Amino acid sequence: MTTNDGKVYADYTVVTHDDNGISIWYKDGGEATLPFDNLPADIQKQYGYKPKDIVWNTDYTGSVAQAQADKKLLLLEFCGSDWCGYCQLLEKEVLPTPEFRAFASGRFVCVKVDFPHKTPLPDALRVQNDTLKQKFSPNGFPCLLVVDTNGRELARCTGYNPGSGPAAVIGALKDSLKAGAAAAASN
């Protein structure tokens, strides 16, 4: 099993479980207690756990502070909520699914960076979003960016193929995270 934060447990046996997660023994005599939010969706489902809904913050500075406190990364969703059809499909077909919630909830503080055409944003939010757009240069909408608390980009997934579902988006983000980690390690 590979947890949502990338840890691998080979040849494991579940010893106990409760409402919060599972305790396992794994190959080489290790023991671990794993919260459900950090477990893959299939294991969550096996134990009847339903991942919490993702809270999409709009305050970037507050989200950075939360990510630092929780030792998480940030997931930024650049979108046009009231005009971008692909953004609307991503928000309908992927973001609310148990698979995506299981993937995101244990590892990210999520931030929506919206650029609506019809819905006015408060001035401070519009300025913040414009600043983030200049800083991260999303090359289309929707664009999911993983950044650390220092604002360093770690992964990018642009666009959405309608009907591809959460597995494709999660896979693209994981692949991009691996590629980013490999590039950082070679520098």
# chains A, B, ... in the order shown; residues from 1 in each chain; ligands from 1
>>> residues_around(residues="A:Phe103", least_positions_apart="4", cutoff="9 Å", atoms="only C-alpha atoms", output="PDB file with N, CA and C atoms, in the first residue's frame")
ATOM      1  N   THR A   3       0.571   5.270   0.804  1.00  0.00           N
ATOM      2  CA  THR A   3      -0.288   6.278   1.401  1.00  0.00           C
ATOM      3  C   THR A   3      -0.311   7.531   0.538  1.00  0.00           C
ATOM      4  N   ASN A   4      -1.228   8.439   0.849  1.00  0.00           N
ATOM      5  CA  ASN A   4      -1.355   9.663   0.064  1.00  0.00           C
ATOM      6  C   ASN A   4      -0.140  10.570   0.171  1.00  0.00           C
ATOM      7  N   ASP A   5       0.678  10.394   1.203  1.00  0.00           N
ATOM      8  CA  ASP A   5       1.897  11.195   1.291  1.00  0.00           C
ATOM      9  C   ASP A   5       3.113  10.459   0.737  1.00  0.00           C
ATOM     10  N   ASP A  37      -7.565   9.760   6.398  1.00  0.00           N
ATOM     11  CA  ASP A  37      -7.357  10.814   5.401  1.00  0.00           C
ATOM     12  C   ASP A  37      -6.077  10.618   4.603  1.00  0.00           C
ATOM     13  N   ASN A  38      -5.148   9.824   5.114  1.00  0.00           N
ATOM     14  CA  ASN A  38      -3.884   9.600   4.418  1.00  0.00           C
ATOM     15  C   ASN A  38      -3.856   8.250   3.694  1.00  0.00           C
ATOM     16  N   LEU A  39      -4.983   7.553   3.655  1.00  0.00           N
ATOM     17  CA  LEU A  39      -5.033   6.237   3.013  1.00  0.00           C
ATOM     18  C   LEU A  39      -5.706   6.336   1.653  1.00  0.00           C
ATOM     19  N   PRO A  40      -5.341   5.444   0.727  1.00  0.00           N
ATOM     20  CA  PRO A  40      -5.986   5.435  -0.589  1.00  0.00           C
ATOM     21  C   PRO A  40      -7.492   5.207  -0.478  1.00  0.00           C
ATOM     22  N   ALA A  41      -8.218   5.687  -1.485  1.00  0.00           N
ATOM     23  CA  ALA A  41      -9.681   5.634  -1.472  1.00  0.00           C
ATOM     24  C   ALA A  41     -10.215   4.213  -1.323  1.00  0.00           C
ATOM     25  N   PRO A  98     -14.763  10.991  -3.993  1.00  0.00           N
ATOM     26  CA  PRO A  98     -14.036  10.407  -2.856  1.00  0.00           C
ATOM     27  C   PRO A  98     -12.558  10.160  -3.171  1.00  0.00           C
ATOM     28  N   GLU A  99     -12.251   9.777  -4.409  1.00  0.00           N
ATOM     29  CA  GLU A  99     -10.857   9.505  -4.784  1.00  0.00           C
ATOM     30  C   GLU A  99     -10.010  10.769  -4.684  1.00  0.00           C
ATOM     31  N   ARG A 107      -2.754  15.767   2.270  1.00  0.00           N
ATOM     32  CA  ARG A 107      -1.475  16.325   1.849  1.00  0.00           C
ATOM     33  C   ARG A 107      -1.491  17.799   1.473  1.00  0.00           C
ATOM     34  N   PHE A 108      -2.658  18.380   1.185  1.00  0.00           N
ATOM     35  CA  PHE A 108      -2.698  19.755   0.678  1.00  0.00           C
ATOM     36  C   PHE A 108      -3.624  20.660   1.476  1.00  0.00           C
ATOM     37  N   ILE A 170      -5.333  12.795 -10.735  1.00  0.00           N
ATOM     38  CA  ILE A 170      -4.441  12.396  -9.639  1.00  0.00           C
ATOM     39  C   ILE A 170      -3.139  11.842 -10.200  1.00  0.00           C
TER      40      ILE A 170
END
>>> closest_atom_pairs(of="stretch 107-162 of chain A", to="stretch 47-68 of chain A", cutoff="8 Å", atoms="only C-alpha atoms", output="Markdown table")
| residue | atom | partner | partner_atom | distance |
| --- | --- | --- | --- | --- |
| A:Phe108 | CA | A:Ala67 | CA | 7.4 |
| A:Val109 | CA | A:Ala67 | CA | 5.8 |
| A:Cys110 | CA | A:Trp56 | CA | 5.1 |
| A:Val111 | CA | A:Asn57 | CA | 4.6 |
| A:Lys112 | CA | A:Thr58 | CA | 5.4 |
| A:Val113 | CA | A:Thr58 | CA | 6.6 |
| A:Leu125 | CA | A:Thr58 | CA | 7.6 |
| A:Gln128 | CA | A:Tyr60 | CA | 7.8 |
| A:Thr149 | CA | A:Val64 | CA | 5.5 |
>>> atom_distance(atom1="atom CA of A:His17", atom2="atom CA of A:Gln44")
11.2 Å
>>> select_by_dssp(residues="stretch 8-183 of chain A", states="alpha helix (DSSP H)", output="NGL selection string")
:A and (41-46 or 60-70 or 85-93 or 98-105 or 123-136 or 165-183)
>>> closest_residue(among="A:Thr2, A:Ser164, A:Thr13, A:Ser81", to="A:His117", atoms="only C-alpha atoms")
A:Ser81
>>> atom_distance(atom1="atom CA of A:Gly165", atom2="atom CA of A:Cys143")
15.3 Å
>>> select_by_dssp(residues="stretch 95-163 of chain A", states="strand (DSSP E)", output="ChimeraX atom specification")
/A:108-114,143-147,153-158
>>> closest_residue(among="A:Lys71, A:Lys133, A:Lys174, A:Lys27", to="A:Cys157", atoms="only C-alpha atoms")
A:Lys174
>>> closest_residue(among="A:Phe100, A:Leu144, A:Gly159, A:Ser23", to="A:Ser176", atoms="only C-alpha atoms")
A:Leu144
>>> closest_residue(among="A:Phe141, A:Asp19, A:Thr158, A:Gly6", to="A:Tyr86", atoms="only C-alpha atoms")
A:Phe141
>>> atom_distance(atom1="atom CA of A:Asp123", atom2="atom CA of A:Gly151")
22.4 Å
>>> closest_residue(among="A:Asp114, A:Glu91, A:Asp148, A:Asp175", to="A:Pro162", atoms="only C-alpha atoms")
A:Glu91
>>> closest_residue(among="A:Met1, A:Val15, A:Cys84, A:Leu173", to="A:Val147", atoms="only C-alpha atoms")
A:Leu173
>>> residues_around(residues="A:Gly21", least_positions_apart="5", cutoff="8 Å", atoms="only C-alpha atoms", output="compact mmCIF listing (two decimals) with C-alpha atoms, in the first residue's frame")
# COMPACT_ATOMS: atom_id res chain seq x y z
CA THR A 33 -0.89 4.01 12.76
CA LEU A 34 -2.34 5.61 9.64
CA PRO A 35 -5.21 8.12 9.64
CA PHE A 36 -7.93 7.43 7.08
CA ASP A 37 -7.36 10.81 5.40
